[in-house]
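What follows is one structure encoded as structure tokens, with my remarks underneath.
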Amino acid sequence: MKRHIVLLIAGLVSAGFLGSCESPEAPSATDGKIVLRFEPAAKVASLQAGNMAASQFDSVVVNVFRPGSPLRLEVSKGAAITSDDPINIAVGCIAENGKKVGVDLYSGRNLLYHGSNPDVDVIAHQTTPVSIDVYSFYVSSLTLTPPIIPDGAAFTLHWPAVPAATKYRLEESATPDFATIASSQSPADTTIDVHVAPGSHYFRVRPTSPYATGSATPSKFGYVTGSSNGVKITAVDDAVIPGETIKITGENLDYPGTQATIGATALTIESSAWGEIVARAPRNATTGKVTVSSALGSDTSNKEVVVQRIAYVSATGEYATAYINLLALYADDFGQSGVVSIPVAQLDTRDMSVFDIIIVAHDTGTLRTNWGGGQPARAAVIENSNANVIAIGKGGAVFLSLISNAASVPTTNSIDADRSYFENDKSDAIFNTPHSVGGPDLTMCTAPTNSLAFSIQSPYPAEVGLYASTGKNCNLLGICSPNDQWALADFRFKDPDGTPVVYFFWGYASDPTFLTTNGSDCLGNVMNMLYKSVALVD
């Protein structure tokens, strides 16, 4: 719709007023002023049908361009509109012929009306009224059909014509916020077919003229499917630590509202594209297959993603792979959780509270002063994690001596093992659940190896659970008892925040590949016991 406003062009003499802005070819001592004037509504209405009250808008901007081509913006000035009274905007400019003037009317920060005059003479010492017709300068609607197409087809976009527009700017983005403009074009027509790659696409259009660019329409969404025409998972990462991300590869994975789960637990989608999702596993995630669902359908991965809820903390990595491979055989005993190797230096930066069980390896230190790569304070990171702990061999024993709640642990002794441990009470769960290892003599390994033991003698402290010693003492009647060199023991207390935890000492300090089936089963039972106690706390 056409509207009418009046510009009063006043030519002034003011030597040097715009000297710093003048171009070499501009007059050196003359400049002018453009004044925008809205007449009162009643007067305007009596002058010409179709004129409007100024208060229909909240602001106005005048842009003044120098003569010639290409366009060179000389000055831009705006003002608030608060009533229907005349409004004067003094715009200082060079007095010269052939200036180009654009007027933009805004409401709610949206450019609604625009007009221009491409040939305005600004004459020194004179004020000349210049009429400018302004027209609606916004696209009222945008349609996209069809909303979902196969790869190779085209979307048809259409919008109504805008009187003041000479062209339109059609923009496309993969996200509704248009943070990144993937492509744009400037058609003169109002209907256009667009071919784009598979995935999510958002479109918006805005009117343009040589002197202004209008506000964009709300976006319209369209989706291009791949060959499967539905959700498809082709690959997932093998494992993930709780709180970290996994990559899901496939097709049609970025449709709005897409959800991903691991088992029955929702994953948080961090980013998505047509062929890939990056999703974060929550703290309570457990091992399971990944499912992706949207309005296009759903699909489930062929394999499970192992959630690594157990950490093996080591200084050198010795035996790390062997322990991880061994424990994978017993995953049924502790909720199918995976085990991840964590270098001891990562205790400085990694959130260890995401783990249910932390295994402190034998190689983490031989003395309190050199534990943790020479930084014994790192033990507090594990202590504050609320995780249950298996402390292995010498490094594990030193770790326990650094923990305030286990400080009463006596000094450890290195003992030549005879391949067997003697069970203090063969009915204990770690010898029976879920695997029976027999007893009271437990054959631990297939070859003579070294074990570490705590020297704890009767009367036994109440805070220590004693399970098996490296040897036994037998009387003439054949009645045997532990020799008080305890290779399997635990400590039960509360972490600094009051969480009940179990720290288990595993005195077997050698290569786990030398463990017998009963020895390995015993380790599985210990993991089962620690896992169940975590579940009780959770």
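In the structure tokens, chains take letters A, B, ... by order of appearance, with residues numbered from 1 within each chain and ligands from 1 in the order shown.
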message: Quick one: residues within 10 Å of Trp371 in chain A, only C-alpha atoms, excluding same-chain residues fewer than 4 positions away - as a PyMOL selection string?
response: chain A and resi 315+344+363-367+375-379+395-396+398-399+402
Dump of N, CA, C and O atoms for the selected residues, as an mmCIF file, in the first residue's frame:
```cif
data_model
loop_
_atom_site.group_PDB
_atom_site.id
_atom_site.type_symbol
_atom_site.label_atom_id
_atom_site.label_comp_id
_atom_site.auth_asym_id
_atom_site.auth_seq_id
_atom_site.Cartn_x
_atom_site.Cartn_y
_atom_site.Cartn_z
ATOM 1 N N ALA A 315 49.693 -45.663 36.546
ATOM 2 C CA ALA A 315 50.772 -44.730 36.230
ATOM 3 C C ALA A 315 51.472 -45.090 34.935
ATOM 4 O O ALA A 315 51.846 -44.216 34.154
ATOM 5 N N VAL A 344 47.092 -41.715 35.745
ATOM 6 C CA VAL A 344 46.965 -41.090 37.057
ATOM 7 C C VAL A 344 47.012 -39.570 36.954
ATOM 8 O O VAL A 344 46.393 -38.867 37.770
ATOM 9 N N ASP A 363 50.820 -50.062 40.114
ATOM 10 C CA ASP A 363 51.962 -49.240 39.709
ATOM 11 C C ASP A 363 51.794 -47.758 40.030
ATOM 12 O O ASP A 363 52.534 -46.916 39.523
ATOM 13 N N THR A 364 50.843 -47.416 40.888
ATOM 14 C CA THR A 364 50.583 -46.004 41.169
ATOM 15 C C THR A 364 51.548 -45.420 42.195
ATOM 16 O O THR A 364 51.549 -44.205 42.419
ATOM 17 N N GLY A 365 52.373 -46.247 42.839
ATOM 18 C CA GLY A 365 53.354 -45.712 43.777
ATOM 19 C C GLY A 365 53.841 -46.766 44.746
ATOM 20 O O GLY A 365 53.134 -47.721 45.062
ATOM 21 N N THR A 366 55.079 -46.587 45.219
ATOM 22 C CA THR A 366 55.663 -47.513 46.200
ATOM 23 C C THR A 366 55.809 -46.877 47.577
ATOM 24 O O THR A 366 56.037 -47.574 48.559
ATOM 25 N N LEU A 367 55.677 -45.553 47.637
ATOM 26 C CA LEU A 367 55.775 -44.810 48.889
ATOM 27 C C LEU A 367 54.697 -43.729 48.909
ATOM 28 O O LEU A 367 54.202 -43.307 47.853
ATOM 29 N N GLN A 375 52.612 -37.035 43.278
ATOM 30 C CA GLN A 375 51.627 -36.080 43.793
ATOM 31 C C GLN A 375 50.583 -36.840 44.602
ATOM 32 O O GLN A 375 49.484 -37.117 44.114
ATOM 33 N N PRO A 376 50.937 -37.190 45.839
ATOM 34 C CA PRO A 376 50.015 -37.998 46.656
ATOM 35 C C PRO A 376 48.679 -37.328 46.931
ATOM 36 O O PRO A 376 47.710 -38.013 47.251
ATOM 37 N N ALA A 377 48.614 -36.005 46.775
ATOM 38 C CA ALA A 377 47.329 -35.328 46.992
ATOM 39 C C ALA A 377 46.278 -35.781 45.992
ATOM 40 O O ALA A 377 45.075 -35.569 46.210
ATOM 41 N N ARG A 378 46.710 -36.403 44.902
ATOM 42 C CA ARG A 378 45.745 -36.903 43.920
ATOM 43 C C ARG A 378 44.842 -37.990 44.498
ATOM 44 O O ARG A 378 43.762 -38.254 43.957
ATOM 45 N N ALA A 379 45.283 -38.632 45.576
ATOM 46 C CA ALA A 379 44.442 -39.661 46.207
ATOM 47 C C ALA A 379 43.120 -39.076 46.670
ATOM 48 O O ALA A 379 42.087 -39.762 46.688
ATOM 49 N N GLY A 395 50.783 -50.303 44.987
ATOM 50 C CA GLY A 395 50.188 -48.997 44.747
ATOM 51 C C GLY A 395 48.865 -48.841 45.453
ATOM 52 O O GLY A 395 48.552 -47.768 45.980
ATOM 53 N N GLY A 396 48.061 -49.903 45.452
ATOM 54 C CA GLY A 396 46.776 -49.854 46.152
ATOM 55 C C GLY A 396 46.954 -49.715 47.647
ATOM 56 O O GLY A 396 46.205 -48.984 48.311
ATOM 57 N N VAL A 398 49.535 -48.345 49.251
ATOM 58 C CA VAL A 398 49.973 -46.984 49.557
ATOM 59 C C VAL A 398 48.800 -46.019 49.446
ATOM 60 O O VAL A 398 48.649 -45.102 50.272
ATOM 61 N N PHE A 399 47.973 -46.198 48.437
ATOM 62 C CA PHE A 399 46.770 -45.365 48.306
ATOM 63 C C PHE A 399 45.927 -45.432 49.575
ATOM 64 O O PHE A 399 45.487 -44.401 50.100
ATOM 65 N N LEU A 402 47.005 -43.322 52.354
ATOM 66 C CA LEU A 402 46.804 -41.888 52.169
ATOM 67 C C LEU A 402 45.386 -41.446 52.472
ATOM 68 O O LEU A 402 45.108 -40.242 52.538
#
```
List every residue of range 429-500 of chain A that has an atom at most 12 Å from any atom of range 358-362 of chain A, giving for each one its closest atom pair and the distance in Å to one decimal, counting only C-alpha atoms, sorted by chain and then by ascending residue number, as JSON lines.
```
{"residue": "A:Asn450", "atom": "CA", "partner": "A:His362", "partner_atom": "CA", "distance": 11.7}
{"residue": "A:Ser451", "atom": "CA", "partner": "A:His362", "partner_atom": "CA", "distance": 10.6}
{"residue": "A:Leu452", "atom": "CA", "partner": "A:His362", "partner_atom": "CA", "distance": 9.9}
```
Using only C-alpha atoms, find each residue of range 394-497 of chain A with at least one atom at most 8 Å away from an atom of range 502-517 of chain A; report its shortest atom-to-atom pair and that distance in Å (one decimal), sort the rows by chain and rising residue number, and return the result as a Markdown table.
```
| residue | atom | partner | partner_atom | distance |
| --- | --- | --- | --- | --- |
| A:Lys394 | CA | A:Ala509 | CA | 7.2 |
| A:Gly396 | CA | A:Phe505 | CA | 7.0 |
| A:Ala397 | CA | A:Phe505 | CA | 7.2 |
| A:Thr443 | CA | A:Thr516 | CA | 6.9 |
| A:Met444 | CA | A:Thr516 | CA | 5.5 |
| A:Cys445 | CA | A:Leu515 | CA | 4.1 |
| A:Thr446 | CA | A:Phe514 | CA | 5.5 |
| A:Ala447 | CA | A:Phe514 | CA | 6.6 |
| A:Thr449 | CA | A:Ser510 | CA | 6.4 |
| A:Asn450 | CA | A:Ala509 | CA | 6.2 |
| A:Ser451 | CA | A:Tyr508 | CA | 4.6 |
| A:Leu452 | CA | A:Gly507 | CA | 4.6 |
| A:Ala453 | CA | A:Gly507 | CA | 5.8 |
| A:Trp486 | CA | A:Gly507 | CA | 7.9 |
| A:Ala487 | CA | A:Gly507 | CA | 4.4 |
| A:Leu488 | CA | A:Trp506 | CA | 5.4 |
| A:Ala489 | CA | A:Phe505 | CA | 5.2 |
| A:Asp490 | CA | A:Phe504 | CA | 4.1 |
| A:Phe491 | CA | A:Tyr503 | CA | 5.1 |
| A:Arg492 | CA | A:Val502 | CA | 4.6 |
| A:Phe493 | CA | A:Val502 | CA | 6.8 |
```
Filtering to N, CA and C atoms, could you give me those residues as a PDB file, in the first residue's frame?
```
ATOM      1  N   LYS A 394      50.955 -53.063  45.700  1.00  0.00           N
ATOM      2  CA  LYS A 394      51.676 -52.038  46.445  1.00  0.00           C
ATOM      3  C   LYS A 394      51.064 -50.657  46.242  1.00  0.00           C
ATOM      4  N   GLY A 396      48.061 -49.903  45.452  1.00  0.00           N
ATOM      5  CA  GLY A 396      46.776 -49.854  46.152  1.00  0.00           C
ATOM      6  C   GLY A 396      46.954 -49.715  47.647  1.00  0.00           C
ATOM      7  N   ALA A 397      47.954 -50.421  48.212  1.00  0.00           N
ATOM      8  CA  ALA A 397      48.192 -50.341  49.651  1.00  0.00           C
ATOM      9  C   ALA A 397      48.639 -48.940  50.053  1.00  0.00           C
ATOM     10  N   THR A 443      42.952 -71.499  45.193  1.00  0.00           N
ATOM     11  CA  THR A 443      44.106 -71.464  44.285  1.00  0.00           C
ATOM     12  C   THR A 443      43.964 -70.251  43.379  1.00  0.00           C
ATOM     13  N   MET A 444      44.847 -69.256  43.562  1.00  0.00           N
ATOM     14  CA  MET A 444      44.702 -67.968  42.886  1.00  0.00           C
ATOM     15  C   MET A 444      45.339 -67.938  41.513  1.00  0.00           C
ATOM     16  N   CYS A 445      46.503 -68.592  41.335  1.00  0.00           N
ATOM     17  CA  CYS A 445      47.251 -68.387  40.109  1.00  0.00           C
ATOM     18  C   CYS A 445      47.880 -69.693  39.624  1.00  0.00           C
ATOM     19  N   THR A 446      48.299 -69.667  38.392  1.00  0.00           N
ATOM     20  CA  THR A 446      48.832 -70.879  37.752  1.00  0.00           C
ATOM     21  C   THR A 446      50.333 -71.008  37.905  1.00  0.00           C
ATOM     22  N   ALA A 447      50.984 -69.966  38.400  1.00  0.00           N
ATOM     23  CA  ALA A 447      52.434 -69.993  38.593  1.00  0.00           C
ATOM     24  C   ALA A 447      52.768 -69.188  39.839  1.00  0.00           C
ATOM     25  N   THR A 449      53.702 -66.388  42.050  1.00  0.00           N
ATOM     26  CA  THR A 449      53.730 -64.939  41.829  1.00  0.00           C
ATOM     27  C   THR A 449      53.797 -64.240  43.169  1.00  0.00           C
ATOM     28  N   ASN A 450      54.020 -62.949  43.120  1.00  0.00           N
ATOM     29  CA  ASN A 450      54.074 -62.173  44.356  1.00  0.00           C
ATOM     30  C   ASN A 450      52.713 -61.592  44.677  1.00  0.00           C
ATOM     31  N   SER A 451      52.394 -61.659  45.944  1.00  0.00           N
ATOM     32  CA  SER A 451      51.205 -60.991  46.456  1.00  0.00           C
ATOM     33  C   SER A 451      51.642 -60.035  47.551  1.00  0.00           C
ATOM     34  N   LEU A 452      50.793 -59.079  47.823  1.00  0.00           N
ATOM     35  CA  LEU A 452      51.040 -58.141  48.908  1.00  0.00           C
ATOM     36  C   LEU A 452      50.004 -58.404  49.981  1.00  0.00           C
ATOM     37  N   ALA A 453      50.392 -58.232  51.229  1.00  0.00           N
ATOM     38  CA  ALA A 453      49.466 -58.540  52.318  1.00  0.00           C
ATOM     39  C   ALA A 453      49.598 -57.521  53.428  1.00  0.00           C
ATOM     40  N   TRP A 486      47.056 -60.675  55.332  1.00  0.00           N
ATOM     41  CA  TRP A 486      45.767 -60.563  54.650  1.00  0.00           C
ATOM     42  C   TRP A 486      45.927 -59.958  53.254  1.00  0.00           C
ATOM     43  N   ALA A 487      45.630 -60.812  52.263  1.00  0.00           N
ATOM     44  CA  ALA A 487      45.731 -60.375  50.869  1.00  0.00           C
ATOM     45  C   ALA A 487      44.391 -59.919  50.301  1.00  0.00           C
ATOM     46  N   LEU A 488      43.301 -60.297  50.953  1.00  0.00           N
ATOM     47  CA  LEU A 488      41.966 -59.852  50.569  1.00  0.00           C
ATOM     48  C   LEU A 488      41.311 -59.249  51.792  1.00  0.00           C
ATOM     49  N   ALA A 489      41.005 -57.955  51.745  1.00  0.00           N
ATOM     50  CA  ALA A 489      40.414 -57.256  52.890  1.00  0.00           C
ATOM     51  C   ALA A 489      39.666 -56.042  52.372  1.00  0.00           C
ATOM     52  N   ASP A 490      38.763 -55.526  53.192  1.00  0.00           N
ATOM     53  CA  ASP A 490      38.115 -54.273  52.781  1.00  0.00           C
ATOM     54  C   ASP A 490      37.885 -53.349  53.967  1.00  0.00           C
ATOM     55  N   PHE A 491      37.611 -52.105  53.626  1.00  0.00           N
ATOM     56  CA  PHE A 491      37.389 -51.037  54.600  1.00  0.00           C
ATOM     57  C   PHE A 491      36.095 -50.347  54.224  1.00  0.00           C
ATOM     58  N   ARG A 492      35.209 -50.216  55.165  1.00  0.00           N
ATOM     59  CA  ARG A 492      33.892 -49.629  54.914  1.00  0.00           C
ATOM     60  C   ARG A 492      33.748 -48.386  55.773  1.00  0.00           C
ATOM     61  N   PHE A 493      33.474 -47.272  55.122  1.00  0.00           N
ATOM     62  CA  PHE A 493      33.360 -46.000  55.841  1.00  0.00           C
ATOM     63  C   PHE A 493      32.543 -45.049  54.981  1.00  0.00           C
TER      64      PHE A 493
END
```
Find the nearest atom pair between each residue of range 69-178 of chain A and range 230-234 of chain A for residues within 12 Å, count only C-alpha atoms, give distances in Å to one decimal, sort rows by chain and ascending number, and present the table as a tab-separated table.
```
residue	atom	partner	partner_atom	distance
A:Ile148	CA	A:Gly230	CA	11.2
A:Ile149	CA	A:Gly230	CA	11.5
A:Pro150	CA	A:Gly230	CA	10.3
```
message: Please extract the residues of range 303-512 of chain A with a backbone DSSP assignment of helix (DSSP H, G or I) and present them as an MDAnalysis selection string.
response: chainID A and resid 320:328 331:334 344:348 352:354 362:364 371:374 376:383 393:402 404:406 429:431 512
Given only C-alpha atoms as the counted atoms, nearest of A:Thr175, A:Thr180, A:Thr291, A:Ser215 to Leu111 in chain A: A:Ser215
task: Find the residues around Tyr113 in chain A up to 6 Å (only C-alpha atoms counted), leave out those fewer than 2 positions away in its own chain, and share them as a ChimeraX atom specification.
output: /A:104-105,134-137
message: According to DSSP computed on the backbone, where in range 348-435 of chain A is there strand (DSSP E)? Give the residues as an MDAnalysis selection string.
response: chainID A and resid 357:360 388:392 412:416 420:423
Can you pull out every residue within 6 Å of Gln336 in chain A, counting only C-alpha atoms, but drop anything in the same chain fewer than 4 positions away, and send it as a compact mmCIF listing (two decimals) with all heavy atoms, in the first residue's frame?
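So part.txt came out as:
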```
# COMPACT_ATOMS: atom_id res chain seq x y z
N THR A 287 25.16 -49.70 29.84
CA THR A 287 25.43 -50.34 28.55
C THR A 287 24.12 -50.77 27.86
O THR A 287 23.24 -51.36 28.49
CB THR A 287 26.34 -51.55 28.75
OG1 THR A 287 27.59 -51.09 29.27
CG2 THR A 287 26.58 -52.29 27.46
N ALA A 331 31.40 -58.97 32.86
CA ALA A 331 30.54 -57.79 32.84
C ALA A 331 29.15 -58.07 33.36
O ALA A 331 28.49 -57.18 33.92
CB ALA A 331 30.47 -57.21 31.42
N ASP A 332 28.68 -59.31 33.22
CA ASP A 332 27.37 -59.67 33.76
C ASP A 332 27.31 -59.48 35.27
O ASP A 332 26.22 -59.29 35.84
CB ASP A 332 27.02 -61.13 33.45
CG ASP A 332 26.64 -61.34 31.99
OD1 ASP A 332 26.35 -60.33 31.31
OD2 ASP A 332 26.65 -62.50 31.53
```
